[in-house]
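S.K.: Below is the file work26.cif, which contains mmCIF, C-alpha atoms, pLDDT in the B column; chains and numbers go by the auth columns.
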```
data_structure
loop_
_atom_site.group_PDB
_atom_site.id
_atom_site.type_symbol
_atom_site.label_atom_id
_atom_site.label_comp_id
_atom_site.label_asym_id
_atom_site.label_seq_id
_atom_site.Cartn_x
_atom_site.Cartn_y
_atom_site.Cartn_z
_atom_site.B_iso_or_equiv
_atom_site.auth_seq_id
_atom_site.auth_asym_id
ATOM 1 C CA MET A 1 -129.306 79.499 23.390 38.00 1 A
ATOM 2 C CA SER A 2 -132.230 77.991 21.544 44.00 2 A
ATOM 3 C CA LYS A 3 -135.511 79.863 21.449 47.00 3 A
ATOM 4 C CA LYS A 4 -138.872 78.167 21.067 49.00 4 A
ATOM 5 C CA CYS A 5 -140.383 79.121 17.732 54.00 5 A
ATOM 6 C CA CYS A 6 -143.284 81.517 17.948 59.00 6 A
ATOM 7 C CA CYS A 7 -145.266 79.642 15.337 54.00 7 A
ATOM 8 C CA ASP A 8 -147.815 78.615 17.933 51.00 8 A
ATOM 9 C CA ASN A 9 -148.683 82.122 19.127 54.00 9 A
ATOM 10 C CA GLU A 10 -151.495 84.512 18.153 57.00 10 A
ATOM 11 C CA LYS A 11 -149.616 85.723 15.057 61.00 11 A
ATOM 12 C CA THR A 12 -149.710 82.286 13.441 65.00 12 A
ATOM 13 C CA ASP A 13 -152.732 83.111 11.272 81.00 13 A
ATOM 14 C CA GLN A 14 -151.208 86.367 10.053 88.00 14 A
ATOM 15 C CA PHE A 15 -147.927 84.657 9.142 93.00 15 A
ATOM 16 C CA LYS A 16 -149.114 81.106 8.411 93.00 16 A
ATOM 17 C CA GLU A 17 -147.304 81.009 5.054 95.00 17 A
ATOM 18 C CA LEU A 18 -144.006 81.842 6.752 96.00 18 A
ATOM 19 C CA ALA A 19 -144.545 79.510 9.729 94.00 19 A
ATOM 20 C CA PRO A 20 -143.042 76.387 8.060 95.00 20 A
ATOM 21 C CA THR A 21 -139.883 78.343 7.241 96.00 21 A
ATOM 22 C CA MET A 22 -139.688 79.569 10.817 96.00 22 A
ATOM 23 C CA GLU A 23 -140.166 76.057 12.182 94.00 23 A
ATOM 24 C CA LYS A 24 -137.308 74.850 9.971 95.00 24 A
ATOM 25 C CA TYR A 25 -134.829 77.721 10.427 96.00 25 A
ATOM 26 C CA ALA A 26 -135.675 79.752 13.546 94.00 26 A
ATOM 27 C CA ASN A 27 -133.149 77.910 15.698 94.00 27 A
ATOM 28 C CA THR A 28 -130.526 77.438 12.983 95.00 28 A
ATOM 29 C CA PRO A 29 -127.585 79.836 13.342 94.00 29 A
ATOM 30 C CA GLY A 30 -126.755 81.717 10.140 95.00 30 A
ATOM 31 C CA SER A 31 -130.173 81.258 8.559 97.00 31 A
ATOM 32 C CA LEU A 32 -131.446 84.853 8.783 97.00 32 A
ATOM 33 C CA ILE A 33 -130.887 85.640 5.094 97.00 33 A
ATOM 34 C CA THR A 34 -132.733 82.471 4.084 97.00 34 A
ATOM 35 C CA ILE A 35 -135.650 83.466 6.327 98.00 35 A
ATOM 36 C CA LEU A 36 -135.704 87.022 4.948 98.00 36 A
ATOM 37 C CA GLN A 37 -135.602 85.745 1.350 96.00 37 A
ATOM 38 C CA LYS A 38 -138.559 83.434 1.984 96.00 38 A
ATOM 39 C CA ALA A 39 -140.518 86.168 3.788 97.00 39 A
ATOM 40 C CA GLN A 40 -139.983 88.571 0.890 94.00 40 A
ATOM 41 C CA GLU A 41 -140.942 85.871 -1.610 90.00 41 A
ATOM 42 C CA ILE A 42 -144.217 85.340 0.259 93.00 42 A
ATOM 43 C CA TYR A 43 -145.170 88.925 1.148 92.00 43 A
ATOM 44 C CA GLY A 44 -143.385 90.892 -1.585 88.00 44 A
ATOM 45 C CA TYR A 45 -141.380 92.963 0.889 93.00 45 A
ATOM 46 C CA LEU A 46 -140.254 92.983 4.518 97.00 46 A
ATOM 47 C CA SER A 47 -142.754 94.930 6.594 96.00 47 A
ATOM 48 C CA ILE A 48 -142.123 95.957 10.193 96.00 48 A
ATOM 49 C CA ASP A 49 -144.655 93.304 11.261 96.00 49 A
ATOM 50 C CA VAL A 50 -142.736 90.583 9.401 97.00 50 A
ATOM 51 C CA ILE A 51 -139.437 91.760 10.893 97.00 51 A
ATOM 52 C CA ASN A 52 -140.961 91.696 14.392 96.00 52 A
ATOM 53 C CA TYR A 53 -142.403 88.215 13.796 96.00 53 A
ATOM 54 C CA ILE A 54 -139.011 86.931 12.660 97.00 54 A
ATOM 55 C CA SER A 55 -137.474 88.550 15.739 97.00 55 A
ATOM 56 C CA ASP A 56 -140.015 86.849 18.032 95.00 56 A
ATOM 57 C CA CYS A 57 -139.282 83.477 16.430 94.00 57 A
ATOM 58 C CA THR A 58 -135.504 83.690 16.277 96.00 58 A
ATOM 59 C CA GLY A 59 -134.623 85.847 19.257 96.00 59 A
ATOM 60 C CA ILE A 60 -132.661 88.155 16.932 97.00 60 A
ATOM 61 C CA LYS A 61 -133.302 91.808 17.772 97.00 61 A
ATOM 62 C CA PRO A 62 -135.422 93.689 15.192 98.00 62 A
ATOM 63 C CA ALA A 63 -132.631 96.274 14.787 97.00 63 A
ATOM 64 C CA LYS A 64 -130.193 93.559 13.704 97.00 64 A
ATOM 65 C CA ILE A 65 -132.728 92.086 11.257 98.00 65 A
ATOM 66 C CA TYR A 66 -133.381 95.566 9.871 96.00 66 A
ATOM 67 C CA GLY A 67 -129.629 96.104 9.546 96.00 67 A
ATOM 68 C CA VAL A 68 -129.244 92.922 7.508 96.00 68 A
ATOM 69 C CA ALA A 69 -132.287 93.784 5.367 95.00 69 A
ATOM 70 C CA THR A 70 -130.973 97.261 4.583 92.00 70 A
ATOM 71 C CA PHE A 71 -127.416 96.079 3.929 92.00 71 A
ATOM 72 C CA TYR A 72 -128.359 93.733 1.070 87.00 72 A
ATOM 73 C CA ALA A 73 -129.849 95.278 -2.085 79.00 73 A
ATOM 74 C CA GLN A 74 -132.016 92.196 -2.672 84.00 74 A
ATOM 75 C CA PHE A 75 -134.361 93.104 0.190 91.00 75 A
ATOM 76 C CA ARG A 76 -137.220 95.607 -0.003 91.00 76 A
ATOM 77 C CA LEU A 77 -138.825 97.391 2.930 93.00 77 A
ATOM 78 C CA GLN A 78 -141.670 98.883 0.892 89.00 78 A
ATOM 79 C CA PRO A 79 -144.288 97.178 -1.265 91.00 79 A
ATOM 80 C CA ILE A 80 -143.655 97.169 -4.996 91.00 80 A
ATOM 81 C CA GLY A 81 -145.995 97.539 -7.939 94.00 81 A
ATOM 82 C CA LYS A 82 -147.592 94.653 -9.805 94.00 82 A
ATOM 83 C CA ASN A 83 -144.868 95.048 -12.427 96.00 83 A
ATOM 84 C CA LEU A 84 -141.285 95.536 -11.280 94.00 84 A
ATOM 85 C CA ILE A 85 -139.259 97.184 -14.023 96.00 85 A
ATOM 86 C CA MET A 86 -135.582 96.286 -13.676 95.00 86 A
ATOM 87 C CA LEU A 87 -133.692 98.622 -15.974 97.00 87 A
ATOM 88 C CA CYS A 88 -130.122 97.571 -16.682 96.00 88 A
ATOM 89 C CA GLN A 89 -127.446 100.195 -16.127 96.00 89 A
ATOM 90 C CA GLY A 90 -124.475 97.938 -16.897 95.00 90 A
ATOM 91 C CA THR A 91 -121.672 99.037 -19.204 97.00 91 A
ATOM 92 C CA ALA A 92 -123.168 97.732 -22.455 97.00 92 A
ATOM 93 C CA CYS A 93 -126.574 99.221 -21.647 97.00 93 A
ATOM 94 C CA HIS A 94 -125.046 102.505 -20.515 97.00 94 A
ATOM 95 C CA VAL A 95 -123.039 102.822 -23.733 97.00 95 A
ATOM 96 C CA ASN A 96 -126.176 102.028 -25.760 97.00 96 A
ATOM 97 C CA GLY A 97 -128.411 104.632 -24.121 97.00 97 A
ATOM 98 C CA SER A 98 -129.866 103.260 -20.883 97.00 98 A
ATOM 99 C CA GLU A 99 -129.843 106.760 -19.378 97.00 99 A
ATOM 100 C CA GLN A 100 -132.216 107.965 -22.114 97.00 100 A
ATOM 101 C CA ILE A 101 -134.415 104.915 -21.567 98.00 101 A
ATOM 102 C CA GLU A 102 -134.515 105.636 -17.825 98.00 102 A
ATOM 103 C CA GLU A 103 -135.398 109.259 -18.545 97.00 103 A
ATOM 104 C CA SER A 104 -138.209 108.127 -20.843 97.00 104 A
ATOM 105 C CA VAL A 105 -139.608 105.641 -18.286 98.00 105 A
ATOM 106 C CA CYS A 106 -139.397 108.190 -15.458 98.00 106 A
ATOM 107 C CA GLU A 107 -141.099 110.880 -17.518 97.00 107 A
ATOM 108 C CA TYR A 108 -143.793 108.553 -18.871 97.00 108 A
ATOM 109 C CA LEU A 109 -144.667 106.991 -15.488 97.00 109 A
ATOM 110 C CA ASP A 110 -143.886 110.121 -13.436 97.00 110 A
ATOM 111 C CA ILE A 111 -141.698 108.169 -10.996 97.00 111 A
ATOM 112 C CA LYS A 112 -137.988 107.923 -10.205 96.00 112 A
ATOM 113 C CA ASP A 113 -135.736 104.959 -9.554 94.00 113 A
ATOM 114 C CA GLY A 114 -137.050 103.046 -6.537 90.00 114 A
ATOM 115 C CA GLU A 115 -140.550 104.553 -6.708 93.00 115 A
ATOM 116 C CA THR A 116 -143.946 103.027 -7.448 95.00 116 A
ATOM 117 C CA THR A 117 -146.704 104.600 -9.503 96.00 117 A
ATOM 118 C CA PRO A 118 -149.693 105.824 -7.456 95.00 118 A
ATOM 119 C CA ASP A 119 -151.909 103.173 -9.087 95.00 119 A
ATOM 120 C CA GLY A 120 -149.520 100.429 -7.901 94.00 120 A
ATOM 121 C CA ILE A 121 -148.964 99.049 -11.397 96.00 121 A
ATOM 122 C CA PHE A 122 -145.249 99.841 -11.837 97.00 122 A
ATOM 123 C CA THR A 123 -142.107 100.090 -9.720 96.00 123 A
ATOM 124 C CA LEU A 124 -138.833 101.152 -11.329 96.00 124 A
ATOM 125 C CA ASN A 125 -135.497 99.771 -10.141 93.00 125 A
ATOM 126 C CA ASN A 126 -132.183 100.412 -11.835 94.00 126 A
ATOM 127 C CA VAL A 127 -129.994 97.320 -11.625 92.00 127 A
ATOM 128 C CA ALA A 128 -126.262 96.878 -12.164 92.00 128 A
ATOM 129 C CA CYS A 129 -126.560 94.169 -14.827 92.00 129 A
ATOM 130 C CA LEU A 130 -129.155 91.785 -16.212 94.00 130 A
ATOM 131 C CA GLY A 131 -126.614 89.713 -18.144 94.00 131 A
ATOM 132 C CA CYS A 132 -128.276 90.398 -21.498 93.00 132 A
ATOM 133 C CA CYS A 133 -125.549 92.577 -22.987 95.00 133 A
ATOM 134 C CA SER A 134 -126.301 91.582 -26.582 96.00 134 A
ATOM 135 C CA LEU A 135 -129.793 93.132 -26.142 96.00 135 A
ATOM 136 C CA ALA A 136 -128.531 96.450 -24.737 97.00 136 A
ATOM 137 C CA PRO A 137 -130.229 98.577 -23.634 98.00 137 A
ATOM 138 C CA VAL A 138 -132.450 96.082 -21.857 98.00 138 A
ATOM 139 C CA MET A 139 -135.049 95.866 -19.112 97.00 139 A
ATOM 140 C CA MET A 140 -136.788 92.986 -17.399 97.00 140 A
ATOM 141 C CA VAL A 141 -140.336 93.268 -16.100 96.00 141 A
ATOM 142 C CA ARG A 142 -141.278 90.931 -13.240 92.00 142 A
ATOM 143 C CA SER A 143 -144.979 90.291 -12.664 91.00 143 A
ATOM 144 C CA SER A 144 -147.126 87.534 -11.216 87.00 144 A
ATOM 145 C CA GLU A 145 -146.983 85.928 -14.662 90.00 145 A
ATOM 146 C CA GLY A 146 -143.181 85.714 -14.564 92.00 146 A
ATOM 147 C CA ASP A 147 -140.241 87.665 -15.928 94.00 147 A
ATOM 148 C CA GLU A 148 -140.228 89.166 -19.401 96.00 148 A
ATOM 149 C CA THR A 149 -137.111 90.662 -20.996 97.00 149 A
ATOM 150 C CA TYR A 150 -137.217 93.510 -23.496 98.00 150 A
ATOM 151 C CA GLY A 151 -134.134 94.436 -25.475 97.00 151 A
ATOM 152 C CA ASN A 152 -132.793 96.899 -28.015 98.00 152 A
ATOM 153 C CA LEU A 153 -134.921 99.540 -26.333 98.00 153 A
ATOM 154 C CA THR A 154 -135.677 102.955 -27.703 97.00 154 A
ATOM 155 C CA LYS A 155 -137.752 105.705 -26.112 96.00 155 A
ATOM 156 C CA GLU A 156 -140.642 104.841 -28.425 97.00 156 A
ATOM 157 C CA LYS A 157 -140.348 101.090 -27.833 98.00 157 A
ATOM 158 C CA VAL A 158 -140.310 101.422 -24.033 98.00 158 A
ATOM 159 C CA THR A 159 -143.400 103.668 -24.088 97.00 159 A
ATOM 160 C CA LYS A 160 -145.248 101.114 -26.235 98.00 160 A
ATOM 161 C CA ILE A 161 -144.240 98.265 -23.893 98.00 161 A
ATOM 162 C CA LEU A 162 -145.465 100.179 -20.832 97.00 162 A
ATOM 163 C CA ASP A 163 -148.759 100.970 -22.599 97.00 163 A
ATOM 164 C CA GLU A 164 -149.262 97.274 -23.402 96.00 164 A
ATOM 165 C CA ILE A 165 -148.556 96.221 -19.808 96.00 165 A
ATOM 166 C CA ARG A 166 -150.892 98.883 -18.426 95.00 166 A
ATOM 167 C CA ALA A 167 -153.645 97.755 -20.837 95.00 167 A
ATOM 168 C CA ARG A 168 -153.364 94.184 -19.439 91.00 168 A
ATOM 169 C CA GLU A 169 -153.933 95.474 -15.912 85.00 169 A
#
```
Rewrite the structure of this file - the entire thing - as structure tokens.
M.R.:
Amino acid sequence: MSKKCCCDNEKTDQFKELAPTMEKYANTPGSLITILQKAQEIYGYLSIDVINYISDCTGIKPAKIYGVATFYAQFRLQPIGKNLIMLCQGTACHVNGSEQIEESVCEYLDIKDGETTPDGIFTLNNVACLGCCSLAPVMMVRSSEGDETYGNLTKEKVTKILDEIRARE
């Protein structure tokens, strides 16, 4: 059962950046993850409004979309800070002190894994592996300027890095 895309309704202005994706994929079975990835790329996270818009366009119930979005770790339902800190917790990083680095970041920024600083500058996410084992312990910081990787971290080094990033903001 094909559903007419909602790209011509009153929400078009609010979701104009997502409209081309919806026009291309709304009636394509199995394309929900592609749509969610593009929506998150555009808006930074999947808000209830975005989920409802996708539902209107595809005919997929919001509860099912929410279920898919919460099943996959790649999707976020809350906005993130300007700088997303991805702290590796893989084996090499763990063995080389990633827990102490996490403790230092959490204490310095006064946030926990998955939280964002009140000023919106940083979000901390522990990740399973960044694939930079020779730099362990390592973190990657994603910002509008791109991704930057920092390796061989110490408590002092991570504090200095965070200070430098905050100074740029």
S.K.: I'd like the neighbourhood of A:Lys157 as a PDB file with C-alpha atoms, in the frame of the given file, where a residue qualifies if any of its atoms comes within 12 Å (using all atoms listed in the file), though same-chain residues fewer than 5 positions away should be ignored.
M.R.:
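File out.pdb, as written:
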```pdb
ATOM      1  CA  ILE A 101    -134.415 104.915 -21.567  1.00 98.00           C
ATOM      2  CA  SER A 104    -138.209 108.127 -20.843  1.00 97.00           C
ATOM      3  CA  VAL A 105    -139.608 105.641 -18.286  1.00 98.00           C
ATOM      4  CA  PRO A 137    -130.229  98.577 -23.634  1.00 98.00           C
ATOM      5  CA  VAL A 138    -132.450  96.082 -21.857  1.00 98.00           C
ATOM      6  CA  MET A 139    -135.049  95.866 -19.112  1.00 97.00           C
ATOM      7  CA  TYR A 150    -137.217  93.510 -23.496  1.00 98.00           C
ATOM      8  CA  GLY A 151    -134.134  94.436 -25.475  1.00 97.00           C
ATOM      9  CA  ASN A 152    -132.793  96.899 -28.015  1.00 98.00           C
ATOM     10  CA  LEU A 162    -145.465 100.179 -20.832  1.00 97.00           C
ATOM     11  CA  ASP A 163    -148.759 100.970 -22.599  1.00 97.00           C
ATOM     12  CA  GLU A 164    -149.262  97.274 -23.402  1.00 96.00           C
TER      13      GLU A 164
END
```
S.K.: Between A:Pro20, A:Gly97, A:Gly131, A:Gly81, single out the one closest to A:Ser144, counting all atoms listed in the file.
M.R.: A:Gly81
S.K.: Could you tell me how far atom CA of A:Gln14 lies from atom CA of A:Val68, in Å and to one decimal?
M.R.: 23.1 Å
S.K.: Quick one: which residues end up in the PyMOL selection byres ((chain A and resi 75) around 12) for this structure, as a ChimeraX atom specification?
M.R.: /A:33-41,43-47,51,65-74,76-80
S.K.: Can you work out which one of A:Thr91, A:Ser143, A:Ser134, A:Asn83 has the shortest atom-to-atom distance to A:Glu115, counting all atoms listed in the file?
M.R.: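 Closest to A:Glu115, using all atoms listed in the file: A:Asn83.
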S.K.: Considering all atoms listed in the file, return as a list in words whatever protein or nucleic-acid residues lie within 10 Å of A:Ile60, sequence-local ones (same chain, fewer than 6 positions apart) excluded.
M.R.: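 After dropping sequence-adjacent residues, the list is Lys3, Ala26, Leu32, Ile51, Asn52 and Ile54 of chain A.
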S.K.: Just so the selection is clear, what residues does the PyMOL selection byres ((chain A and resi 127) around 10) cover here, as a list in words?
M.R.: Ala73, Ile85, Met86, Leu87, Cys88, Gln89, Gly90, Asp113, Leu124, Asn125, Asn126, Ala128, Cys129, Leu130, Met139 and Met140 of chain A
S.K.: Could you tell me how far atom CA of A:Cys133 lies from atom CA of A:Gly114, in Å and to one decimal?
M.R.: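 So the two atoms, atom CA of A:Cys133 and atom CA of A:Gly114, lie 22.6 Å apart.
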S.K.: Could you tell me how far atom CA of A:Glu107 lies from atom CA of A:Lys160, in Å and to one decimal?
M.R.: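 A separation of 13.7 Å between them.
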S.K.: Between A:Ser98, A:Thr117, A:Thr58, A:Thr123, single out the one closest to A:Glu23, counting only C-alpha atoms.
M.R.: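 Closest to A:Glu23 of all the choices is A:Thr58.
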S.K.: Which polymer residues have any atom within 7 Å of an atom of A:Lys82, counting all atoms listed in the file, with same-chain residues fewer than 5 positions away left out, as a list of chain:residue names?
M.R.: A:Gly120, A:Ile121, A:Phe122, A:Ser143
S.K.: So, with only C-alpha atoms as the atoms that count, which of A:Leu153, A:Val158, A:Ile165, A:Cys57 lies closest to A:Tyr25?
M.R.: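 That would be A:Cys57, the residue with the smallest distance to A:Tyr25.
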S.K.: Go through A:Val95, A:Ala167, A:Leu84, A:Leu18 and flag the residue nearest A:Arg142, using only C-alpha atoms for the distances.
M.R.: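 Nearest to A:Arg142: A:Leu84.
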S.K.: Taking all atoms listed in the file into account, name the residue in A:His94, A:Glu148, A:Met22, A:Cys106 that is nearest to A:Gly59.
M.R.: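 Of all the options, A:Met22 lies closest to A:Gly59.
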